[in-house]
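Pasted below: data-v8.pdb, PDB, C-alpha atoms and all ligand atoms.
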ATOM      1  CA  MET A 201      -2.435 -21.540 -11.646
ATOM      2  CA  THR A 202      -2.932 -23.240  -8.290
ATOM      3  CA  ILE A 203      -0.776 -23.121  -5.159
ATOM      4  CA  SER A 204       0.368 -26.716  -5.765
ATOM      5  CA  GLU A 205       1.412 -25.900  -9.330
ATOM      6  CA  ALA A 206       3.360 -22.879  -8.088
ATOM      7  CA  VAL A 207       5.080 -25.006  -5.450
ATOM      8  CA  ILE A 208       6.146 -27.519  -8.135
ATOM      9  CA  ILE A 209       7.698 -24.704 -10.191
ATOM     10  CA  LEU A 210       9.492 -23.331  -7.125
ATOM     11  CA  ARG A 211      10.847 -26.795  -6.207
ATOM     12  CA  GLU A 212      12.135 -27.314  -9.776
ATOM     13  CA  ASN A 213      14.051 -24.020  -9.813
ATOM     14  CA  ASP A 214      16.679 -22.254  -7.717
ATOM     15  CA  ARG A 215      18.608 -18.982  -7.298
ATOM     16  CA  PHE A 216      15.499 -16.865  -6.913
ATOM     17  CA  MET A 217      15.298 -13.089  -7.118
ATOM     18  CA  ILE A 218      12.109 -11.649  -5.648
ATOM     19  CA  VAL A 219      11.031  -8.245  -6.912
ATOM     20  CA  THR A 220       8.867  -5.761  -4.977
ATOM     21  CA  HIS A 221       6.978  -2.866  -6.569
ATOM     22  CA  ILE A 222       7.838   0.819  -6.805
ATOM     23  CA  ARG A 223       6.939   2.800  -3.655
ATOM     24  CA  PRO A 224       6.951  -0.509  -1.727
ATOM     25  CA  ASP A 225       4.238  -0.988   0.897
ATOM     26  CA  GLY A 226       3.928  -3.438   3.778
ATOM     27  CA  ASP A 227       2.246  -6.039   1.579
ATOM     28  CA  THR A 228       4.863  -6.267  -1.167
ATOM     29  CA  ILE A 229       7.702  -6.123   1.398
ATOM     30  CA  GLY A 230       6.210  -8.482   4.000
ATOM     31  CA  SER A 231       5.017 -11.009   1.409
ATOM     32  CA  SER A 232       8.363 -10.978  -0.430
ATOM     33  CA  ALA A 233      10.368 -11.384   2.762
ATOM     34  CA  ALA A 234       8.092 -14.255   3.828
ATOM     35  CA  LEU A 235       8.492 -15.979   0.453
ATOM     36  CA  CYS A 236      12.267 -15.495   0.590
ATOM     37  CA  TYR A 237      12.408 -16.942   4.116
ATOM     38  CA  ALA A 238      10.272 -19.945   3.083
ATOM     39  CA  LEU A 239      12.343 -20.666  -0.035
ATOM     40  CA  ARG A 240      15.519 -20.643   2.056
ATOM     41  CA  LYS A 241      13.917 -22.929   4.617
ATOM     42  CA  ALA A 242      13.022 -25.262   1.714
ATOM     43  CA  GLY A 243      16.726 -25.407   0.815
ATOM     44  CA  LYS A 244      16.813 -22.805  -1.947
ATOM     45  CA  THR A 245      18.932 -19.723  -2.525
ATOM     46  CA  ALA A 246      16.705 -16.635  -2.545
ATOM     47  CA  TYR A 247      17.093 -12.878  -2.186
ATOM     48  CA  LEU A 248      15.082  -9.689  -2.634
ATOM     49  CA  TYR A 249      15.999  -7.321  -5.451
ATOM     50  CA  ASN A 250      17.465  -4.215  -3.785
ATOM     51  CA  ASN A 251      14.551  -1.831  -4.302
ATOM     52  CA  PRO A 252      16.073   1.664  -3.878
ATOM     53  CA  GLN A 253      12.980   2.688  -1.890
ATOM     54  CA  PHE A 254      13.285  -0.046   0.763
ATOM     55  CA  GLY A 255      14.545   2.556   3.229
ATOM     56  CA  ASP A 256      11.260   4.492   3.064
ATOM     57  CA  SER A 257       8.993   1.974   4.724
ATOM     58  CA  TYR A 258       9.570  -0.950   7.085
ATOM     59  CA  PRO A 259      13.358  -1.177   6.406
ATOM     60  CA  TRP A 260      13.711  -3.783   9.186
ATOM     61  CA  VAL A 261      11.472  -6.218   7.256
ATOM     62  CA  ALA A 262      13.428  -6.280   3.978
ATOM     63  CA  GLU A 263      16.960  -5.792   5.270
ATOM     64  CA  PRO A 264      17.901  -9.407   6.126
ATOM     65  CA  TYR A 265      16.942 -10.572   2.626
ATOM     66  CA  ILE A 266      18.400  -7.946   0.254
ATOM     67  CA  ALA A 267      20.542  -9.427  -2.543
ATOM     68  CA  PRO A 268      24.252  -8.581  -2.604
ATOM     69  CA  GLU A 269      25.397  -6.767  -5.737
ATOM     70  CA  ASP A 270      27.206  -9.798  -7.184
ATOM     71  CA  TYR A 271      24.220 -12.168  -6.811
ATOM     72  CA  GLU A 272      23.416 -14.021 -10.038
ATOM     73  CA  PRO A 273      19.761 -15.046 -10.064
ATOM     74  CA  ALA A 274      18.252 -17.669 -12.373
ATOM     75  CA  PHE A 275      14.533 -17.211 -11.647
ATOM     76  CA  PHE A 276      12.583 -13.997 -11.096
ATOM     77  CA  ILE A 277       9.441 -13.682  -8.975
ATOM     78  CA  SER A 278       7.287 -10.575  -8.539
ATOM     79  CA  VAL A 279       5.045 -10.137  -5.521
ATOM     80  CA  ASP A 280       2.011  -7.815  -5.242
ATOM     81  CA  MET A 281       2.844  -6.175  -8.587
ATOM     82  CA  ALA A 282      -0.104  -5.665 -10.958
ATOM     83  CA  ASP A 283       1.890  -4.434 -13.935
ATOM     84  CA  ALA A 284       5.467  -4.348 -15.238
ATOM     85  CA  SER A 285       5.287  -0.532 -15.131
ATOM     86  CA  LEU A 286       5.582  -0.926 -11.352
ATOM     87  CA  PHE A 287       9.091  -2.407 -11.526
ATOM     88  CA  PRO A 288      11.370  -0.653  -9.047
ATOM     89  CA  GLN A 289      13.899   1.827 -10.317
ATOM     90  CA  GLY A 290      16.772   0.023 -12.025
ATOM     91  CA  PHE A 291      14.996  -3.288 -12.618
ATOM     92  CA  GLU A 292      14.436  -4.191 -16.259
ATOM     93  CA  GLY A 293      14.235  -7.982 -16.203
ATOM     94  CA  ASN A 294      11.496 -10.431 -17.085
ATOM     95  CA  ILE A 295       9.383 -12.129 -14.470
ATOM     96  CA  ASP A 296       9.030 -15.935 -14.456
ATOM     97  CA  LEU A 297       6.353 -16.125 -11.793
ATOM     98  CA  CYS A 298       4.028 -13.487 -10.373
ATOM     99  CA  PHE A 299       2.033 -13.730  -7.125
ATOM    100  CA  ASP A 300      -0.679 -11.108  -6.909
ATOM    101  CA  HIS A 301      -4.123 -10.125  -5.644
ATOM    102  CA  HIS A 302      -4.928  -7.087  -7.843
ATOM    103  CA  PRO A 303      -7.918  -7.625 -10.189
ATOM    104  CA  SER A 304      -6.114  -5.267 -12.615
ATOM    105  CA  ASN A 305      -3.137  -7.654 -13.059
ATOM    106  CA  SER A 306      -1.953  -7.373 -16.688
ATOM    107  CA  PHE A 307      -0.444 -10.907 -16.870
ATOM    108  CA  TYR A 308       3.008  -9.589 -17.784
ATOM    109  CA  ALA A 309       4.763 -12.599 -16.200
ATOM    110  CA  LYS A 310       5.366 -16.027 -17.769
ATOM    111  CA  ASN A 311       3.187 -17.557 -15.033
ATOM    112  CA  THR A 312       0.770 -15.808 -12.692
ATOM    113  CA  LEU A 313      -0.960 -16.957  -9.534
ATOM    114  CA  LEU A 314      -3.722 -14.401  -9.029
ATOM    115  CA  TRP A 315      -6.252 -14.477  -6.179
ATOM    116  CA  ALA A 316      -8.208 -11.325  -6.952
ATOM    117  CA  ASP A 317     -10.659 -11.747  -4.070
ATOM    118  CA  ARG A 318      -7.978 -11.630  -1.353
ATOM    119  CA  SER A 319      -7.229  -8.571   0.764
ATOM    120  CA  SER A 320      -3.505  -8.803   0.289
ATOM    121  CA  CYS A 321      -0.733 -10.773  -1.313
ATOM    122  CA  GLY A 322       0.092 -11.881   2.227
ATOM    123  CA  GLU A 323      -2.992 -14.122   2.160
ATOM    124  CA  VAL A 324      -1.765 -15.763  -1.073
ATOM    125  CA  ILE A 325       1.843 -16.196   0.060
ATOM    126  CA  MET A 326       0.634 -17.657   3.365
ATOM    127  CA  GLU A 327      -1.015 -20.578   1.541
ATOM    128  CA  LEU A 328       2.144 -21.038  -0.508
ATOM    129  CA  VAL A 329       4.386 -21.048   2.561
ATOM    130  CA  LYS A 330       2.131 -23.607   4.240
ATOM    131  CA  GLU A 331       2.714 -26.003   1.333
ATOM    132  CA  LEU A 332       6.374 -25.161   0.849
ATOM    133  CA  CYS A 333       7.681 -25.498   4.415
ATOM    134  CA  GLY A 334       4.900 -24.796   6.921
ATOM    135  CA  LEU A 335       4.298 -21.733   9.090
ATOM    136  CA  ASP A 336       6.627 -20.849  11.939
ATOM    137  CA  ALA A 337       6.763 -17.801  14.203
ATOM    138  CA  GLU A 338       9.305 -15.928  12.092
ATOM    139  CA  VAL A 339       7.446 -16.221   8.795
ATOM    140  CA  ALA A 340       4.148 -15.570  10.591
ATOM    141  CA  ASP A 341       5.451 -12.129  11.680
ATOM    142  CA  LEU A 342       6.395 -11.267   8.092
ATOM    143  CA  LEU A 343       3.023 -12.366   6.734
ATOM    144  CA  TYR A 344       1.229 -10.484   9.498
ATOM    145  CA  VAL A 345       3.002  -7.289   8.363
ATOM    146  CA  ALA A 346       1.676  -7.914   4.832
ATOM    147  CA  VAL A 347      -1.935  -8.728   5.697
ATOM    148  CA  SER A 348      -2.366  -6.117   8.432
ATOM    149  CA  THR A 349      -0.915  -3.187   6.470
ATOM    150  CA  ASP A 350      -2.974  -3.842   3.311
ATOM    151  CA  THR A 351      -6.158  -3.881   5.407
ATOM    152  CA  GLY A 352      -5.300  -0.880   7.617
ATOM    153  CA  CYS A 353      -5.108  -3.237  10.606
ATOM    154  CA  PHE A 354      -8.226  -5.146   9.506
ATOM    155  CA  VAL A 355     -10.330  -2.000   9.125
ATOM    156  CA  TYR A 356     -10.676  -1.390   5.367
ATOM    157  CA  GLY A 357     -13.511  -2.769   3.254
ATOM    158  CA  ASN A 358     -11.220  -5.447   1.759
ATOM    159  CA  THR A 359     -11.134  -7.268   5.117
ATOM    160  CA  THR A 360     -13.120 -10.499   4.816
ATOM    161  CA  GLY A 361     -13.676 -13.654   6.798
ATOM    162  CA  ASP A 362     -10.752 -15.149   4.870
ATOM    163  CA  THR A 363      -8.535 -12.268   6.003
ATOM    164  CA  LEU A 364      -9.426 -12.719   9.662
ATOM    165  CA  LYS A 365      -9.015 -16.487   9.336
ATOM    166  CA  ALA A 366      -5.539 -15.931   7.880
ATOM    167  CA  ALA A 367      -4.695 -13.519  10.704
ATOM    168  CA  SER A 368      -5.902 -16.076  13.237
ATOM    169  CA  GLU A 369      -3.713 -18.793  11.699
ATOM    170  CA  LEU A 370      -0.731 -16.445  11.807
ATOM    171  CA  CYS A 371      -1.347 -15.690  15.486
ATOM    172  CA  PHE A 372      -1.582 -19.403  16.289
ATOM    173  CA  ALA A 373       1.720 -19.876  14.409
ATOM    174  CA  GLY A 374       3.349 -17.284  16.674
ATOM    175  CA  ALA A 375       2.904 -13.886  14.970
ATOM    176  CA  ARG A 376       3.399 -11.112  17.537
ATOM    177  CA  ASN A 377       0.210  -9.243  16.648
ATOM    178  CA  ALA A 378       0.096  -6.756  19.546
ATOM    179  CA  TYR A 379       3.803  -5.915  19.201
ATOM    180  CA  LEU A 380       3.516  -5.433  15.430
ATOM    181  CA  ASN A 381       0.260  -3.446  15.690
ATOM    182  CA  LYS A 382       1.997  -0.988  18.023
ATOM    183  CA  ILE A 383       4.909  -0.483  15.594
ATOM    184  CA  LEU A 384       2.814  -0.418  12.425
ATOM    185  CA  PHE A 385      -0.340   1.435  13.456
ATOM    186  CA  ARG A 386       0.112   3.126  16.800
ATOM    187  CA  THR A 387       3.477   4.833  16.369
ATOM    188  CA  SER A 388       4.060   8.070  14.399
ATOM    189  CA  SER A 389       7.017  10.395  13.976
ATOM    190  CA  LYS A 390       6.834  13.599  16.018
ATOM    191  CA  ALA A 391       6.634  15.542  12.736
ATOM    192  CA  ARG A 392       3.658  13.463  11.608
ATOM    193  CA  LEU A 393       1.850  14.039  14.892
ATOM    194  CA  LYS A 394       2.444  17.775  14.637
ATOM    195  CA  LEU A 395       1.285  17.793  11.015
ATOM    196  CA  GLU A 396      -1.905  15.916  11.936
ATOM    197  CA  GLY A 397      -2.516  18.507  14.635
ATOM    198  CA  LEU A 398      -2.171  21.328  12.124
ATOM    199  CA  ILE A 399      -4.448  19.529   9.654
ATOM    200  CA  PHE A 400      -7.196  18.790  12.199
ATOM    201  CA  ALA A 401      -7.052  22.335  13.599
ATOM    202  CA  SER A 402      -7.549  23.896  10.172
ATOM    203  CA  LEU A 403     -10.325  21.715   8.689
ATOM    204  CA  ARG A 404     -13.008  23.674   6.827
ATOM    205  CA  TYR A 405     -16.598  22.490   7.155
ATOM    206  CA  LEU A 406     -18.926  23.363   4.262
ATOM    207  CA  HIS A 407     -22.408  22.394   3.092
ATOM    208  CA  ASP A 408     -23.716  21.788   6.632
ATOM    209  CA  GLY A 409     -20.632  19.753   7.439
ATOM    210  CA  LYS A 410     -21.210  17.296   4.584
ATOM    211  CA  THR A 411     -18.035  18.521   2.893
ATOM    212  CA  VAL A 412     -14.755  18.787   4.782
ATOM    213  CA  ILE A 413     -11.747  20.411   3.162
ATOM    214  CA  SER A 414      -8.176  20.235   4.331
ATOM    215  CA  VAL A 415      -5.606  22.538   2.775
ATOM    216  CA  VAL A 416      -2.055  21.334   3.462
ATOM    217  CA  THR A 417       0.420  24.082   2.629
ATOM    218  CA  LYS A 418       4.184  23.915   2.309
ATOM    219  CA  LYS A 419       4.311  26.237   5.298
ATOM    220  CA  MET A 420       2.440  23.658   7.419
ATOM    221  CA  LEU A 421       4.909  20.925   6.417
ATOM    222  CA  GLU A 422       7.760  23.255   7.276
ATOM    223  CA  ASN A 423       6.254  24.158  10.660
ATOM    224  CA  ALA A 424       5.786  20.481  11.467
ATOM    225  CA  GLY A 425       9.246  19.541  10.198
ATOM    226  CA  ALA A 426       7.490  16.965   8.005
ATOM    227  CA  THR A 427       8.903  15.259   4.898
ATOM    228  CA  GLU A 428       6.996  13.443   2.134
ATOM    229  CA  LEU A 429       7.252  10.257   4.188
ATOM    230  CA  ASP A 430       5.292  11.935   6.988
ATOM    231  CA  CYS A 431       2.455  12.680   4.539
ATOM    232  CA  GLN A 432       1.431   9.087   3.756
ATOM    233  CA  ASP A 433      -2.345   8.675   3.750
ATOM    234  CA  ILE A 434      -3.103  12.218   4.960
ATOM    235  CA  ALA A 435      -6.079  12.147   2.580
ATOM    236  CA  ALA A 436      -7.778   9.808   5.061
ATOM    237  CA  LEU A 437      -7.727  12.395   7.878
ATOM    238  CA  PRO A 438     -10.501  14.927   7.050
ATOM    239  CA  GLY A 439     -13.006  12.141   6.330
ATOM    240  CA  ARG A 440     -12.920  11.251  10.032
ATOM    241  CA  ALA A 441     -15.111  14.277  10.796
ATOM    242  CA  GLU A 442     -18.548  13.252  12.039
ATOM    243  CA  GLY A 443     -21.202  13.925   9.402
ATOM    244  CA  ALA A 444     -18.718  14.170   6.522
ATOM    245  CA  PHE A 445     -19.970  12.789   3.195
ATOM    246  CA  THR A 446     -17.122  14.102   1.090
ATOM    247  CA  SER A 447     -13.598  15.013   2.124
ATOM    248  CA  VAL A 448     -11.046  16.917   0.112
ATOM    249  CA  THR A 449      -7.334  17.120   0.814
ATOM    250  CA  ILE A 450      -5.506  19.793  -1.141
ATOM    251  CA  LYS A 451      -1.732  19.630  -0.972
ATOM    252  CA  GLU A 452       0.225  22.630  -2.144
ATOM    253  CA  ILE A 453       2.981  21.987  -4.692
ATOM    254  CA  ASP A 454       3.714  25.681  -5.272
ATOM    255  CA  GLU A 455       1.746  28.952  -5.635
ATOM    256  CA  ALA A 456       0.140  27.778  -8.868
ATOM    257  CA  HIS A 457      -0.069  23.971  -8.512
ATOM    258  CA  CYS A 458      -1.667  21.568  -6.082
ATOM    259  CA  LYS A 459      -2.612  17.926  -5.711
ATOM    260  CA  VAL A 460      -6.151  17.043  -4.727
ATOM    261  CA  SER A 461      -7.465  13.850  -3.128
ATOM    262  CA  LEU A 462     -11.171  13.333  -2.876
ATOM    263  CA  ARG A 463     -12.841  10.740  -0.660
ATOM    264  CA  SER A 464     -16.558  10.096  -0.679
ATOM    265  CA  ASN A 465     -19.095   7.931   1.124
ATOM    266  CA  GLY A 466     -20.590   7.260  -2.316
ATOM    267  CA  ILE A 467     -23.170  10.066  -2.498
ATOM    268  CA  VAL A 468     -20.822  12.329  -4.451
ATOM    269  CA  ASP A 469     -19.052  10.587  -7.345
ATOM    270  CA  ALA A 470     -15.408  11.400  -6.599
ATOM    271  CA  ASN A 471     -14.315  10.104  -9.992
ATOM    272  CA  LYS A 472     -16.721  12.444 -11.826
ATOM    273  CA  VAL A 473     -15.523  15.496  -9.882
ATOM    274  CA  CYS A 474     -11.818  14.737 -10.404
ATOM    275  CA  LYS A 475     -12.324  14.030 -14.107
ATOM    276  CA  VAL A 476     -13.170  17.727 -14.582
ATOM    277  CA  PHE A 477      -9.467  18.374 -13.945
ATOM    278  CA  GLY A 478      -8.187  15.409 -15.936
ATOM    279  CA  GLY A 479      -7.827  13.117 -12.922
ATOM    280  CA  GLY A 480      -9.889  10.178 -11.763
ATOM    281  CA  GLY A 481      -9.962   6.941  -9.808
ATOM    282  CA  HIS A 482     -12.975   5.331  -8.181
ATOM    283  CA  LYS A 483     -16.384   6.601  -7.118
ATOM    284  CA  MET A 484     -15.304   6.679  -3.481
ATOM    285  CA  ALA A 485     -11.669   7.762  -3.871
ATOM    286  CA  SER A 486     -10.149   9.847  -6.649
ATOM    287  CA  GLY A 487      -7.434  12.380  -7.258
ATOM    288  CA  CYS A 488      -6.348  15.110  -9.629
ATOM    289  CA  SER A 489      -3.815  17.871 -10.084
ATOM    290  CA  ILE A 490      -5.030  21.456 -10.418
ATOM    291  CA  ASP A 491      -2.877  24.235 -11.876
ATOM    292  CA  LYS A 492      -4.106  26.860  -9.439
ATOM    293  CA  SER A 493      -3.349  27.999  -5.909
ATOM    294  CA  CYS A 494      -4.673  25.934  -2.988
ATOM    295  CA  GLU A 495      -7.299  28.549  -2.187
ATOM    296  CA  GLU A 496      -8.592  28.693  -5.767
ATOM    297  CA  ALA A 497      -8.636  24.875  -5.917
ATOM    298  CA  ALA A 498     -10.580  24.716  -2.642
ATOM    299  CA  GLU A 499     -13.210  27.071  -4.051
ATOM    300  CA  LEU A 500     -13.509  25.128  -7.318
ATOM    301  CA  MET A 501     -13.864  21.792  -5.524
ATOM    302  CA  ALA A 502     -16.470  23.211  -3.127
ATOM    303  CA  GLU A 503     -18.563  24.482  -6.061
ATOM    304  CA  LEU A 504     -18.383  21.205  -7.980
ATOM    305  CA  ILE A 505     -19.187  19.089  -4.933
ATOM    306  CA  ALA A 506     -22.149  21.330  -3.973
ATOM    307  CA  LYS A 507     -23.774  20.530  -7.319
ATOM    308  CA  GLU A 508     -23.630  16.783  -6.584
ATOM    309  CA  TYR A 509     -25.705  16.743  -3.357
TER     310      TYR A 509
HETATM  311 MN    MN A 601      -1.220  -5.569  -1.844
END

Spit out the file's structure as structure tokens when you get a sec.
Ligand SMILES: [Mn+2]
Amino acid sequence: MTISEAVIILRENDRFMIVTHIRPDGDTIGSSAALCYALRKAGKTAYLYNNPQFGDSYPWVAEPYIAPEDYEPAFFISVDMADASLFPQGFEGNIDLCFDHHPSNSFYAKNTLLWADRSSCGEVIMELVKELCGLDAEVADLLYVAVSTDTGCFVYGNTTGDTLKAASELCFAGARNAYLNKILFRTSSKARLKLEGLIFASLRYLHDGKTVISVVTKKMLENAGATELDCQDIAALPGRAEGAFTSVTIKEIDEAHCKVSLRSNGIVDANKVCKVFGGGGHKMASGCSIDKSCEEAAELMAELIAKEY
């Protein structure tokens, strides 16, 4: 389906309900809010389904668009959702139209507009908004949240010329890039900062520094006053060590269980190592659960990784 075809469908329908995915991130929230704003500007009634996890990330983005309890929608749209298993808690409807950028999209919706080569759904929704009502400063901010968060502020490997072109267009339309970058990427809770300090101070360097292991215990979280929300993306921290090929983050669940994230520069196959414990993912990023203590898990991972160099 093309953008123009999607716009025709949107113009023919009304009373939209836009659905974000479980554990909503900046892309699903920013893109949905932008679509909602644009539909309203085009004269439609539109709201976001009240995802119970909206409060966990970027609550200020979704808040103005959340549907009241008595709202009766006639047309359902999903944004940034690859599969119906990612419906938020409490949502059991069918989706009329899906906007997505995940190559793994399972085509669960009646109609799907999929741009699998784009960094974020924000890039897709931006083109839609341009045709529906044009970009203005308010929608540009929302789309900037989407595109910047899915690319780690234009740092991850999914950032392309198209991404930077989209970001440029958003800035010309009035997106407050410096202001948003400060809020989104350069501000952390005090607990998060303390936790990062504890993590960096306790990194273990093995195999001539090629392997870096971080063990994150419940005690460390307690000392930092950190909650689950303060732990987002901690698996990215040990890999920042100079000379690291492989980084392991082991998070304690209890004395006999832990969660392991493995990141690799490609020399060690992270997927192969995690499969030993029934986990998996990609060659450069994988995860698994191990029914052992953190210390035992650290030893096992170190042994397996050593064999791969
Ligand atoms: Mn996304």

Target residues per the PyMOL selection byres (((chain A and resi 425-430) around 10) and not hetatm), formatted as a VMD selection string: chain A and resid 256 to 257 388 to 396 418 to 424 431 to 434

I need the chosen residues saved as a CSV table (one decimal), keeping the file's coordinate frame, with C-alpha atoms.
chain,number,residue,atom,x,y,z
A,256,ASP,CA,11.3,4.5,3.1
A,257,SER,CA,9.0,2.0,4.7
A,388,SER,CA,4.1,8.1,14.4
A,389,SER,CA,7.0,10.4,14.0
A,390,LYS,CA,6.8,13.6,16.0
A,391,ALA,CA,6.6,15.5,12.7
A,392,ARG,CA,3.7,13.5,11.6
A,393,LEU,CA,1.8,14.0,14.9
A,394,LYS,CA,2.4,17.8,14.6
A,395,LEU,CA,1.3,17.8,11.0
A,396,GLU,CA,-1.9,15.9,11.9
A,418,LYS,CA,4.2,23.9,2.3
A,419,LYS,CA,4.3,26.2,5.3
A,420,MET,CA,2.4,23.7,7.4
A,421,LEU,CA,4.9,20.9,6.4
A,422,GLU,CA,7.8,23.3,7.3
A,423,ASN,CA,6.3,24.2,10.7
A,424,ALA,CA,5.8,20.5,11.5
A,431,CYS,CA,2.5,12.7,4.5
A,432,GLN,CA,1.4,9.1,3.8
A,433,ASP,CA,-2.3,8.7,3.8
A,434,ILE,CA,-3.1,12.2,5.0

Report as a list in words all protein, DNA and RNA residues lying within 9 Å of Arg404 in chain A, evaluated on all atoms listed in the file, omitting residues in the same chain fewer than 2 positions from it.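 So the residues in contact are Ser402, Leu406, Gly409, Thr411, Val412, Ile413, Ser414 and Val415 of chain A.
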
Can you write out the residues you just picked, keeping C-alpha atoms, as a compact mmCIF listing (two decimals), in the coordinates of the input?
# COMPACT_ATOMS: atom_id res chain seq x y z
CA SER A 402 -7.55 23.90 10.17
CA LEU A 406 -18.93 23.36 4.26
CA GLY A 409 -20.63 19.75 7.44
CA THR A 411 -18.04 18.52 2.89
CA VAL A 412 -14.76 18.79 4.78
CA ILE A 413 -11.75 20.41 3.16
CA SER A 414 -8.18 20.24 4.33
CA VAL A 415 -5.61 22.54 2.78

For range 302-316 of chain A: contacts at 12 Å, all atoms listed in the file, fewer than 2 positions along chain excluded, given as a ChimeraX atom specification: /A:201-207,209-210,227-228,275-287,293-300,318-325,327-328,350,358,362

When you count all atoms listed in the file, which of these residues is closest to Lys410 in chain A: A:Ser493, A:Asn213, A:Thr360, A:Asn465? A:Asn465

Using only C-alpha atoms and all ligand atoms, which of the listed residues (A:Lys365, A:His407, A:Lys507, A:His221) sits closest to ligand MN 601 (chain A)? A:His221

With all atoms of range 330-343 of chain A from the file as input, state the centre and edge lengths in Å to one decimal of the axis-aligned box that has 4 Å extra on each side, as JSON.
{"center_x": 5.7, "center_y": -18.6, "center_z": 7.5, "size_x": 15.2, "size_y": 22.7, "size_z": 21.4}

Pairwise distance for CA of Tyr405 in chain A and CA of Ile490 in chain A, rounded to one decimal in Å: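 CA of Tyr405 in chain A sits 21.1 Å away from CA of Ile490 in chain A.
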
Mind giving me the straight-line distance from CA of Ile505 in chain A to CA of Arg463 in chain A in Å, one decimal?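 We find that CA of Ile505 in chain A and CA of Arg463 in chain A lie 11.3 Å from each other.
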
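Using all atoms listed in the file, the smallest distance between any of A:Asp214, A:Glu263, A:Asp317, A:Glu495 and ligand MN 601 (chain A) comes from A:Asp317.
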
By how many Å are CA of Glu442 in chain A and CA of Glu496 in chain A apart?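 Pair CA of Glu442 in chain A / CA of Glu496 in chain A returns 25.6 Å.
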
Pick the closest to ligand MN 601 (chain A) from A:Gly439, A:Gly255, A:Pro224, A:Pro264: which is it, counting all atoms listed in the file? A:Pro224

Matched chain/residue IDs from the PyMOL selection byres (((chain A and resi 504) around 10) and not hetatm), as an mmCIF file with C-alpha atoms, in the frame of the given file:
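Everything below was put into selection.cif:
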data_model
loop_
_atom_site.group_PDB
_atom_site.id
_atom_site.type_symbol
_atom_site.label_atom_id
_atom_site.label_comp_id
_atom_site.auth_asym_id
_atom_site.auth_seq_id
_atom_site.Cartn_x
_atom_site.Cartn_y
_atom_site.Cartn_z
ATOM 1 C CA VAL A 468 -20.822 12.329 -4.451
ATOM 2 C CA LYS A 472 -16.721 12.444 -11.826
ATOM 3 C CA VAL A 473 -15.523 15.496 -9.882
ATOM 4 C CA CYS A 474 -11.818 14.737 -10.404
ATOM 5 C CA VAL A 476 -13.170 17.727 -14.582
ATOM 6 C CA GLU A 499 -13.210 27.071 -4.051
ATOM 7 C CA LEU A 500 -13.509 25.128 -7.318
ATOM 8 C CA MET A 501 -13.864 21.792 -5.524
ATOM 9 C CA ALA A 502 -16.470 23.211 -3.127
ATOM 10 C CA GLU A 503 -18.563 24.482 -6.061
ATOM 11 C CA ILE A 505 -19.187 19.089 -4.933
ATOM 12 C CA ALA A 506 -22.149 21.330 -3.973
ATOM 13 C CA LYS A 507 -23.774 20.530 -7.319
ATOM 14 C CA GLU A 508 -23.630 16.783 -6.584
ATOM 15 C CA TYR A 509 -25.705 16.743 -3.357
#

What's the 10 Å shell around Asn250 in chain A, counting all atoms listed in the file, without same-chain residues fewer than 6 positions away, as a PyMOL selection string? chain A and resi 217-220+262-263+265-269+288-291

I'd like the residues picked by the PyMOL selection byres (((chain A and resi 354) around 12) and not hetatm) written out as a PyMOL selection string, using the chain letters and numbers from the file. chain A and resi 319-320+344-353+355-368+377+381+385

Using all atoms listed in the file: which of A:Leu343, A:Ala246, A:Glu369, A:Leu384 has the shortest distance to ligand MN 601 (chain A):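 Between A:Leu343, A:Ala246, A:Glu369, A:Leu384, the residue approaching ligand MN 601 (chain A) most closely is A:Leu343.
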
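Shortest separation to ligand MN 601 (chain A) among A:Glu212, A:Asp336, A:Glu455, A:Asp225 occurs at residue A:Asp225, atoms counted being only C-alpha atoms and all ligand atoms.
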
Just the residues within 7 Å of Ala234 in chain A, please, counting all atoms listed in the file, with nothing from its chain fewer than 3 positions along; format it as a list in words.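 Everything that qualifies: Gly230, Ser231, Tyr237, Ala238, Val339, Leu342 and Leu343 of chain A.
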
Would you mind writing range 397-404 of chain A with N, CA and C atoms, as a PDB file, in the frame of the given file?
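Saved result, out31.pdb, follows:
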ATOM      1  N   GLY A 397      -1.932  17.465  13.793  1.00  0.00           N
ATOM      2  CA  GLY A 397      -2.516  18.507  14.635  1.00  0.00           C
ATOM      3  C   GLY A 397      -2.874  19.738  13.817  1.00  0.00           C
ATOM      4  N   LEU A 398      -1.937  20.143  12.962  1.00  0.00           N
ATOM      5  CA  LEU A 398      -2.171  21.328  12.124  1.00  0.00           C
ATOM      6  C   LEU A 398      -3.325  21.081  11.154  1.00  0.00           C
ATOM      7  N   ILE A 399      -3.381  19.872  10.600  1.00  0.00           N
ATOM      8  CA  ILE A 399      -4.448  19.529   9.654  1.00  0.00           C
ATOM      9  C   ILE A 399      -5.806  19.543  10.348  1.00  0.00           C
ATOM     10  N   PHE A 400      -5.902  18.863  11.491  1.00  0.00           N
ATOM     11  CA  PHE A 400      -7.196  18.790  12.199  1.00  0.00           C
ATOM     12  C   PHE A 400      -7.661  20.174  12.655  1.00  0.00           C
ATOM     13  N   ALA A 401      -6.684  21.013  13.076  1.00  0.00           N
ATOM     14  CA  ALA A 401      -7.052  22.335  13.599  1.00  0.00           C
ATOM     15  C   ALA A 401      -7.541  23.268  12.496  1.00  0.00           C
ATOM     16  N   SER A 402      -7.209  22.948  11.248  1.00  0.00           N
ATOM     17  CA  SER A 402      -7.549  23.896  10.172  1.00  0.00           C
ATOM     18  C   SER A 402      -8.594  23.345   9.195  1.00  0.00           C
ATOM     19  N   LEU A 403      -9.299  22.278   9.587  1.00  0.00           N
ATOM     20  CA  LEU A 403     -10.325  21.715   8.689  1.00  0.00           C
ATOM     21  C   LEU A 403     -11.427  22.736   8.423  1.00  0.00           C
ATOM     22  N   ARG A 404     -11.928  22.748   7.197  1.00  0.00           N
ATOM     23  CA  ARG A 404     -13.008  23.674   6.827  1.00  0.00           C
ATOM     24  C   ARG A 404     -14.279  22.866   6.584  1.00  0.00           C
TER      25      ARG A 404
END
